[in-house]
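*Asks:* Data: input07.tsv, TSV, C-alpha atoms and all ligand atoms.
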```tsv
chain	number	residue	atom	x	y	z
A	64	MET	CA	57.18	63.85	30.56
A	65	ALA	CA	55.63	62.54	33.76
A	66	VAL	CA	56.01	64.54	36.94
A	67	LYS	CA	57.91	62.51	39.54
A	68	LYS	CA	55.87	61.22	42.49
A	69	ASN	CA	56.10	63.36	45.61
A	70	MET	CA	57.93	66.08	43.69
A	71	LYS	CA	56.19	69.45	43.77
A	72	SER	CA	55.96	71.45	40.58
A	73	LYS	CA	55.01	74.98	39.75
A	74	LEU	CA	52.19	75.92	37.43
A	75	PHE	CA	52.69	78.70	34.87
A	76	VAL	CA	50.14	80.31	32.57
A	77	VAL	CA	51.94	82.05	29.69
A	78	THR	CA	50.19	84.22	27.11
A	79	GLY	CA	51.87	84.30	23.70
A	80	GLY	CA	53.76	81.08	24.38
A	81	SER	CA	53.86	80.14	20.68
A	82	ASN	CA	56.67	82.43	19.53
A	83	GLY	CA	59.52	84.71	20.53
A	84	PHE	CA	60.17	85.25	24.22
A	85	GLY	CA	57.02	83.40	25.38
A	86	ARG	CA	58.05	80.31	23.40
A	87	ALA	CA	61.50	80.32	25.03
A	88	VAL	CA	59.91	80.66	28.50
A	89	VAL	CA	57.49	77.76	27.81
A	90	GLN	CA	60.29	75.48	26.58
A	91	LYS	CA	62.53	76.19	29.58
A	92	LEU	CA	59.68	75.72	32.10
A	93	LEU	CA	58.70	72.38	30.54
A	94	GLU	CA	62.31	71.21	30.69
A	95	LYS	CA	62.23	71.99	34.42
A	96	ASN	CA	59.17	69.70	34.84
A	97	HIS	CA	56.70	72.48	35.55
A	98	PHE	CA	53.08	72.52	34.41
A	99	VAL	CA	52.55	75.07	31.62
A	100	ILE	CA	49.37	76.47	30.07
A	101	SER	CA	49.98	78.53	26.92
A	102	LEU	CA	47.50	80.78	25.12
A	103	SER	CA	48.06	82.32	21.67
A	104	ARG	CA	46.62	82.39	18.16
A	105	SER	CA	48.95	79.70	16.82
A	106	LEU	CA	49.80	76.48	18.65
A	107	ILE	CA	53.19	74.87	19.20
A	108	LEU	CA	53.51	71.80	16.93
A	109	LYS	CA	52.42	68.59	18.68
A	110	LYS	CA	55.67	66.80	17.88
A	111	GLU	CA	57.68	69.56	19.57
A	112	VAL	CA	55.86	69.07	22.89
A	113	GLU	CA	55.09	65.34	22.62
A	114	MET	CA	57.16	64.46	25.67
A	115	TYR	CA	55.27	66.95	27.85
A	116	GLN	CA	51.75	65.58	27.22
A	117	SER	CA	50.88	65.42	30.91
A	118	THR	CA	52.30	68.83	31.85
A	119	PHE	CA	51.60	71.04	28.82
A	120	PHE	CA	48.23	72.48	27.80
A	121	GLN	CA	47.69	74.99	25.01
A	122	PHE	CA	44.69	76.89	23.76
A	123	LYS	CA	43.99	79.00	20.65
A	124	VAL	CA	43.01	82.52	21.62
A	125	ASP	CA	42.94	85.75	19.67
A	126	PHE	CA	43.44	88.44	22.28
A	127	SER	CA	42.51	91.17	19.79
A	128	LYS	CA	38.90	90.02	20.24
A	129	PRO	CA	36.97	90.75	23.42
A	130	PHE	CA	37.87	88.21	26.10
A	131	SER	CA	35.71	85.15	25.53
A	132	SER	CA	33.95	82.92	27.99
A	133	ALA	CA	35.51	79.97	26.10
A	134	THR	CA	38.96	81.12	27.25
A	135	GLN	CA	37.69	81.46	30.77
A	136	ARG	CA	36.14	77.97	30.64
A	137	PHE	CA	39.36	76.47	29.22
A	138	LEU	CA	41.42	77.92	32.05
A	139	ILE	CA	39.05	76.83	34.79
A	140	ARG	CA	38.74	73.31	33.23
A	141	THR	CA	42.53	72.96	32.87
A	142	PHE	CA	43.14	74.12	36.42
A	143	SER	CA	40.69	71.52	37.66
A	144	LYS	CA	42.51	68.80	35.63
A	145	ILE	CA	45.78	69.57	37.37
A	146	ASN	CA	45.96	68.29	40.90
A	147	LEU	CA	46.73	71.51	42.78
A	148	LYS	CA	48.05	69.42	45.68
A	149	LYS	CA	51.05	68.64	43.45
A	150	ILE	CA	51.65	72.35	42.88
A	151	ASP	CA	53.58	74.59	45.24
A	152	GLN	CA	53.36	77.86	43.27
A	153	VAL	CA	51.14	79.34	40.55
A	154	CYS	CA	52.21	82.10	38.19
A	155	LEU	CA	50.66	84.06	35.33
A	156	ILE	CA	53.03	85.59	32.76
A	157	ASN	CA	51.20	88.17	30.64
A	158	ASN	CA	53.56	88.19	27.68
A	159	ALA	CA	51.48	88.38	24.47
A	160	ALA	CA	51.70	91.82	22.87
A	161	VAL	CA	52.00	93.58	19.53
A	162	ILE	CA	53.93	96.65	18.38
A	163	HIS	CA	51.72	97.53	15.38
A	164	PRO	CA	50.34	99.92	14.31
A	165	VAL	CA	53.51	102.04	14.27
A	166	ASP	CA	52.81	105.47	12.81
A	167	ARG	CA	52.06	109.11	13.52
A	168	ILE	CA	48.96	109.41	15.71
A	169	GLU	CA	46.85	111.12	13.04
A	170	ASN	CA	47.43	108.16	10.68
A	171	LEU	CA	46.13	105.46	13.04
A	172	PHE	CA	42.81	103.78	12.21
A	173	GLU	CA	40.23	103.37	14.95
A	174	LYS	CA	39.94	99.59	14.42
A	175	GLU	CA	43.73	99.18	14.74
A	176	ILE	CA	43.72	101.30	17.90
A	177	GLN	CA	41.02	99.13	19.46
A	178	LYS	CA	42.81	95.90	18.52
A	179	HIS	CA	46.12	97.10	19.92
A	180	ILE	CA	44.63	98.20	23.23
A	181	GLN	CA	42.66	94.95	23.41
A	182	VAL	CA	45.80	92.77	22.99
A	183	ASN	CA	48.28	94.84	25.00
A	184	LEU	CA	46.12	96.16	27.83
A	185	ALA	CA	42.56	94.77	28.05
A	186	ALA	CA	43.60	91.11	27.58
A	187	PRO	CA	46.31	91.10	30.29
A	188	ILE	CA	43.81	92.72	32.67
A	189	ALA	CA	41.16	90.10	31.81
A	190	MET	CA	43.74	87.29	32.09
A	191	THR	CA	44.76	88.53	35.54
A	192	GLN	CA	41.11	88.54	36.58
A	193	VAL	CA	40.49	84.98	35.37
A	194	PHE	CA	43.77	83.77	36.89
A	195	LEU	CA	42.85	85.22	40.29
A	196	LYS	CA	39.39	83.63	40.14
A	197	ALA	CA	40.66	80.24	38.91
A	198	THR	CA	43.30	80.05	41.66
A	199	SER	CA	41.18	81.50	44.48
A	200	LEU	CA	41.25	78.20	46.38
A	201	PHE	CA	45.02	77.83	46.01
A	202	LYS	CA	46.63	79.06	49.20
A	203	GLY	CA	50.32	78.78	48.20
A	204	PRO	CA	52.52	81.46	46.58
A	205	LYS	CA	50.93	83.24	43.64
A	206	ILE	CA	52.74	85.51	41.15
A	207	VAL	CA	51.49	87.72	38.33
A	208	VAL	CA	54.09	89.02	35.85
A	209	GLN	CA	53.38	91.72	33.27
A	210	LEU	CA	55.88	92.06	30.43
A	211	THR	CA	56.71	95.71	30.20
A	212	SER	CA	59.13	97.85	28.19
A	213	GLY	CA	61.26	100.98	28.44
A	214	ALA	CA	58.57	102.45	26.19
A	215	ALA	CA	56.18	102.47	29.18
A	216	LEU	CA	58.32	105.20	30.74
A	217	ARG	CA	59.82	106.97	27.72
A	218	ALA	CA	57.89	108.49	24.80
A	219	VAL	CA	58.92	106.99	21.46
A	220	GLU	CA	57.71	108.70	18.30
A	221	GLY	CA	55.53	106.33	16.24
A	222	TRP	CA	54.82	104.04	19.21
A	223	ALA	CA	51.93	106.00	20.77
A	224	LEU	CA	49.78	102.91	21.32
A	225	TYR	CA	52.61	100.68	22.51
A	226	CYS	CA	53.88	103.34	24.95
A	227	ALA	CA	50.34	104.01	26.22
A	228	SER	CA	49.37	100.35	26.60
A	229	LYS	CA	52.58	99.39	28.41
A	230	ALA	CA	52.30	102.46	30.67
A	231	GLY	CA	48.70	101.42	31.42
A	232	LEU	CA	49.90	97.94	32.34
A	233	ASN	CA	52.50	99.43	34.69
A	234	MET	CA	49.79	101.35	36.54
A	235	PHE	CA	47.52	98.30	36.56
A	236	ASN	CA	50.34	96.41	38.26
A	237	GLN	CA	50.57	99.10	40.94
A	238	VAL	CA	46.87	98.78	41.77
A	239	LEU	CA	47.12	94.97	41.70
A	240	THR	CA	50.02	95.20	44.17
A	241	LEU	CA	48.16	97.64	46.40
A	242	GLN	CA	44.90	95.69	46.62
A	243	ASN	CA	46.77	92.48	47.46
A	244	SER	CA	49.35	93.99	49.83
A	245	PRO	CA	47.94	92.29	52.95
A	246	ASP	CA	48.48	88.88	51.29
A	247	GLN	CA	52.05	87.68	51.90
A	248	ASN	CA	51.50	84.88	49.40
A	249	PHE	CA	50.79	87.19	46.46
A	250	LYS	CA	53.33	89.12	44.36
A	251	ALA	CA	52.74	91.18	41.22
A	252	ILE	CA	55.81	92.26	39.27
A	253	LEU	CA	56.79	93.89	35.99
A	254	TYR	CA	59.53	92.39	33.84
A	255	SER	CA	61.35	94.50	31.26
A	256	PRO	CA	63.24	92.17	28.91
A	257	GLY	CA	65.30	94.71	26.94
A	258	ILE	CA	65.70	94.40	23.18
A	259	MET	CA	65.33	90.78	22.05
A	260	ASP	CA	65.82	89.11	18.70
A	261	THR	CA	62.18	88.19	17.99
A	262	SER	CA	59.58	88.89	15.32
A	263	MET	CA	58.51	91.99	17.24
A	264	GLN	CA	61.91	93.53	16.43
A	265	LYS	CA	61.58	92.36	12.80
A	266	ASN	CA	58.23	94.20	12.67
A	267	ILE	CA	59.82	97.33	14.13
A	268	ARG	CA	62.49	97.30	11.39
A	269	SER	CA	59.88	96.85	8.64
A	270	VAL	CA	58.22	100.28	8.85
A	271	LYS	CA	59.04	103.54	7.07
A	272	LYS	CA	61.17	106.29	8.59
A	273	SER	CA	58.18	108.65	8.35
A	274	GLN	CA	56.27	106.25	10.63
A	275	PHE	CA	59.14	105.58	13.02
A	276	PRO	CA	61.96	108.17	12.99
A	277	LEU	CA	64.28	105.97	15.13
A	278	ILE	CA	64.24	103.10	12.64
A	279	GLU	CA	67.93	103.43	11.68
A	280	ASP	CA	68.94	102.96	15.33
A	281	PHE	CA	66.96	99.73	15.51
A	282	LYS	CA	68.47	98.48	12.25
A	283	ARG	CA	71.90	99.23	13.73
A	284	PHE	CA	71.07	97.34	16.97
A	285	LYS	CA	70.40	94.25	14.85
A	286	LYS	CA	73.46	94.77	12.63
A	287	GLU	CA	75.72	95.22	15.66
A	288	ASP	CA	74.26	92.12	17.34
A	289	GLN	CA	72.90	94.08	20.29
A	290	LEU	CA	69.65	92.09	20.49
A	291	LYS	CA	69.49	89.48	23.22
A	292	ALA	CA	68.50	85.91	22.44
A	293	PRO	CA	65.01	85.24	23.94
A	294	GLU	CA	66.39	82.04	25.54
A	295	VAL	CA	68.94	84.07	27.55
A	296	VAL	CA	66.23	86.46	28.75
A	297	ALA	CA	63.89	83.53	29.57
A	298	ASP	CA	66.61	82.07	31.84
A	299	ASP	CA	66.84	85.43	33.61
A	300	LEU	CA	63.08	85.69	34.26
A	301	ILE	CA	62.84	82.06	35.43
A	302	ARG	CA	65.76	82.65	37.83
A	303	ILE	CA	64.00	85.72	39.26
A	304	LEU	CA	60.75	83.78	39.71
A	305	SER	CA	62.49	80.82	41.36
A	306	ASP	CA	62.86	82.55	44.73
A	307	PHE	CA	59.43	83.77	45.86
A	308	SER	CA	60.76	85.11	49.17
A	309	LYS	CA	63.07	87.55	47.36
A	310	LEU	CA	60.42	88.89	44.94
A	311	GLU	CA	59.19	92.39	45.72
A	312	SER	CA	55.63	93.06	44.68
A	313	GLY	CA	55.21	96.20	42.58
A	314	GLN	CA	58.84	96.15	41.40
A	315	THR	CA	60.14	96.26	37.85
A	316	TYR	CA	62.80	93.65	37.16
A	317	ARG	CA	65.15	94.16	34.25
A	318	ILE	CA	67.52	91.83	32.48
A	319	GLY	CA	70.93	92.46	34.10
A	401	LIG	N1	61.25	91.98	21.49
A	401	LIG	C1	61.64	93.06	22.19
A	401	LIG	O1	62.66	93.68	21.87
A	401	LIG	C2	60.86	93.51	23.40
A	401	LIG	C3	61.33	94.59	24.13
A	401	LIG	C4	60.64	95.02	25.26
A	401	LIG	C5	59.49	94.35	25.64
A	401	LIG	N2	59.05	93.30	24.90
A	401	LIG	C6	57.81	92.62	25.35
A	401	LIG	O2	58.08	91.22	25.48
A	401	LIG	C7	56.91	90.46	25.20
A	401	LIG	C8	57.22	89.38	24.17
A	401	LIG	O3	57.59	90.01	22.96
A	401	LIG	P1	58.25	89.20	21.74
A	401	LIG	O4	59.34	90.03	21.25
A	401	LIG	O5	58.48	87.79	22.11
A	401	LIG	O6	57.05	89.29	20.68
A	401	LIG	P2	56.71	88.33	19.45
A	401	LIG	O7	57.91	87.58	19.03
A	401	LIG	O8	56.03	89.19	18.47
A	401	LIG	O9	55.68	87.29	20.10
A	401	LIG	C9	54.45	87.75	20.56
A	401	LIG	C10	53.62	86.60	21.10
A	401	LIG	O10	52.32	87.15	21.39
A	401	LIG	C11	51.33	86.38	20.73
A	401	LIG	N3	50.24	87.24	20.26
A	401	LIG	C12	50.35	88.36	19.51
A	401	LIG	N4	49.14	88.81	19.18
A	401	LIG	C13	48.23	87.97	19.74
A	401	LIG	C14	46.83	87.89	19.73
A	401	LIG	N5	46.06	88.76	19.05
A	401	LIG	N6	46.23	86.89	20.39
A	401	LIG	C15	46.97	85.96	21.05
A	401	LIG	N7	48.31	85.97	21.09
A	401	LIG	C16	48.94	86.97	20.43
A	401	LIG	C17	52.04	85.72	19.56
A	401	LIG	O11	51.45	84.47	19.25
A	401	LIG	P3	50.54	84.20	17.96
A	401	LIG	O12	51.10	84.96	16.83
A	401	LIG	O13	50.59	82.70	17.82
A	401	LIG	O14	49.19	84.66	18.37
A	401	LIG	C18	53.44	85.48	20.11
A	401	LIG	O15	53.51	84.23	20.75
A	401	LIG	C19	55.86	91.48	24.76
A	401	LIG	O16	55.04	91.80	25.84
A	401	LIG	C20	56.68	92.69	24.35
A	401	LIG	O17	55.95	93.89	24.46
A	401	LIG	C21	59.68	92.87	23.79
```
Please express what this file holds, its structure, as structure tokens.
*Replies:*
Amino acid sequence: MAVKKNMKSKLFVVTGGSNGFGRAVVQKLLEKNHFVISLSRSLILKKEVEMYQSTFFQFKVDFSKPFSSATQRFLIRTFSKINLKKIDQVCLINNAAVIHPVDRIENLFEKEIQKHIQVNLAAPIAMTQVFLKATSLFKGPKIVVQLTSGAALRAVEGWALYCASKAGLNMFNQVLTLQNSPDQNFKAILYSPGIMDTSMQKNIRSVKKSQFPLIEDFKRFKKEDQLKAPEVVADDLIRILSDFSKLESGQTYRIG
């Protein structure tokens, strides 16, 4: 879909835009005529995004591997393709994450630990860095969003890595807020989406009780239809991001 002449759009970079919550966010942003750059291991089928050829860019990245210069080059190249004069706000949504491995701490393998921390903590930090560099000449409003979880604040047995990585991201967001506090055009927020009906929840329900003692609760949440549709949560985040003046840097926003 072509962006209308003289109409300003926003530019969003979304990690993990191929599935679950990220996919819902990407779809809704494209429908609103925004520019979207998505990074994940799998790509959205061409035919599903055919009508957004001029506003949608996607790139295959495995965030469990150390951050590559190819990803950096892709972002910088794509930013230069988009005429930033047409853009009145840029935003990074660090959404890609994994829950696995779920188990008692003594059963975790070192390789799995490294991969988890790479995807959930090191990659969002590296993405924030590249985003800040790639948009350094853009003087309009800039937002960085980290997807967080209640597990960043509350210990959950079996989720040692997930709790630790999300807690790390929360603290990273505090430092990001602090270092940019003199800049009125920069906001860094956390968004806690609540329990959503995505493959992450399916993965949570697939483990053994010995690995995750709360598993029956999570099976019940699904059975009792307590999981929110990712599309509903995506609407909530996009509504929050739509008014830059009301956003408070350093805050955690939660689905109401
Ligand atoms: N679902 C919940 O109940 C819930 C609750 C609280 C917080 N959250 C948070 O919300 C966010 C979205 O979760 P979700 O439920 O939508 O998860 P999801 O359905 O599992 O989707 C995760 C996304 O991350 C991408 N991803 C995973 N590993 C990757 C890797 N190694 N490299 C690149 N991309 C990778 C996946 O794409 P590919 O597979 O194509 O790579 C996918 O698009 C996460 O940050 C999660 O922690 C979720």
*Asks:* How far is it from atom CA of A:Ile258 to atom CA of A:Asn82, in Å with one decimal?
*Replies:*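 For atom CA of A:Ile258 relative to atom CA of A:Asn82, the distance reads 15.4 Å.
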*Asks:* Could you produce a table of the residues of chain A lying within 8 Å of ligand LIG 401 (chain A), with the nearest pair of atoms per residue and their separation in Å rounded to one decimal, using only C-alpha atoms and all ligand atoms, ordered by chain and increasing residue number, as a tab-separated table?
*Replies:*
```
residue	atom	partner	partner_atom	distance
A:Thr78	CA	A:LIG401	N7	6.5
A:Gly79	CA	A:LIG401	O15	3.4
A:Gly80	CA	A:LIG401	O15	4.8
A:Ser81	CA	A:LIG401	O15	4.1
A:Asn82	CA	A:LIG401	O15	3.8
A:Gly83	CA	A:LIG401	O5	3.6
A:Phe84	CA	A:LIG401	O5	3.7
A:Gly85	CA	A:LIG401	O5	5.7
A:Arg86	CA	A:LIG401	O15	6.6
A:Leu102	CA	A:LIG401	C15	6.6
A:Ser103	CA	A:LIG401	N7	3.7
A:Arg104	CA	A:LIG401	O14	3.4
A:Ser105	CA	A:LIG401	O13	3.6
A:Leu106	CA	A:LIG401	O13	6.3
A:Lys123	CA	A:LIG401	C15	7.6
A:Val124	CA	A:LIG401	C15	5.3
A:Asp125	CA	A:LIG401	N6	3.6
A:Phe126	CA	A:LIG401	N6	3.7
A:Ser127	CA	A:LIG401	N5	4.4
A:Lys128	CA	A:LIG401	N5	7.4
A:Asn157	CA	A:LIG401	O16	7.1
A:Asn158	CA	A:LIG401	O16	4.3
A:Ala159	CA	A:LIG401	O10	3.4
A:Ala160	CA	A:LIG401	O16	4.5
A:Val161	CA	A:LIG401	C12	5.5
A:Ile162	CA	A:LIG401	O17	7.0
A:Lys178	CA	A:LIG401	N5	7.9
A:Val182	CA	A:LIG401	N5	5.6
A:Asn183	CA	A:LIG401	O16	7.5
A:Gln209	CA	A:LIG401	O16	7.6
A:Leu210	CA	A:LIG401	O16	4.7
A:Thr211	CA	A:LIG401	C5	5.5
A:Ser212	CA	A:LIG401	C4	4.3
A:Gly213	CA	A:LIG401	C4	6.8
A:Ala214	CA	A:LIG401	C4	7.8
A:Tyr225	CA	A:LIG401	O17	7.8
A:Lys229	CA	A:LIG401	O17	7.6
A:Ser255	CA	A:LIG401	C5	5.9
A:Pro256	CA	A:LIG401	C4	5.3
A:Gly257	CA	A:LIG401	C3	4.9
A:Ile258	CA	A:LIG401	O1	3.4
A:Met259	CA	A:LIG401	O1	3.9
A:Asp260	CA	A:LIG401	N1	6.1
A:Thr261	CA	A:LIG401	O7	4.4
A:Ser262	CA	A:LIG401	O7	4.3
A:Met263	CA	A:LIG401	O8	3.9
A:Gln264	CA	A:LIG401	N1	5.3
A:Asn266	CA	A:LIG401	O8	8.0
A:Leu290	CA	A:LIG401	O1	7.3
A:Pro293	CA	A:LIG401	O5	7.2
```
*Asks:* Which one is closest to A:Phe172: A:Val208, A:Leu224, A:Leu216, A:Leu138? Count only C-alpha atoms.
*Replies:* A:Leu224
*Asks:* Could you state the separation of atom CA of A:Ser269 and atom CA of A:Tyr254 in Å, given to one decimal place?
*Replies:*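 Atom CA of A:Ser269 sits 25.6 Å away from atom CA of A:Tyr254.
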*Asks:* For A:Leu147, which of A:Asn233, A:Gln247, A:Thr198, A:Gln274 is the closest residue, counting all atoms listed in the file?
*Replies:*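 Under the stated criterion, the closest residue is A:Thr198.
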*Asks:* Nearest residue to A:Glu113 out of A:Ala218, A:Leu200, A:Leu93, A:Ile303, using only C-alpha atoms?
*Replies:*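 Nearest candidate to A:Glu113 out of A:Ala218, A:Leu200, A:Leu93, A:Ile303: A:Leu93.
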*Asks:* Name the residues in contact with A:Lys282 at a cut-off of 8 Å, using only C-alpha atoms, excluding same-chain residues fewer than 4 positions from it; report them as a list in words.
*Replies:*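 After dropping sequence-adjacent residues, the list is Arg268, Ile278 and Lys286 of chain A.
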*Asks:* For the residues in that selection, give me C-alpha atoms as a short mmCIF file (atom, residue, chain, number, x, y, z; two decimals), keeping the file's coordinate frame.
*Replies:*
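So the final result, stored in result-v7.cif, reads:
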```cif
data_model
loop_
_atom_site.label_atom_id
_atom_site.label_comp_id
_atom_site.auth_asym_id
_atom_site.auth_seq_id
_atom_site.Cartn_x
_atom_site.Cartn_y
_atom_site.Cartn_z
CA ARG A 268 62.49 97.30 11.39
CA ILE A 278 64.24 103.10 12.64
CA LYS A 286 73.46 94.77 12.63
#
```
*Asks:* Between A:Leu310, A:Lys265, A:Asp298, A:Ala251, single out the one closest to A:Glu94, counting all atoms listed in the file.
*Replies:*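 The answer is A:Asp298, which sits nearest to A:Glu94.
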*Asks:* With distances taken over all atoms listed in the file, which of A:Ile267, A:Ala297, A:Glu175, A:Asn170 is nearest to A:Lys285?
*Replies:* A:Ile267
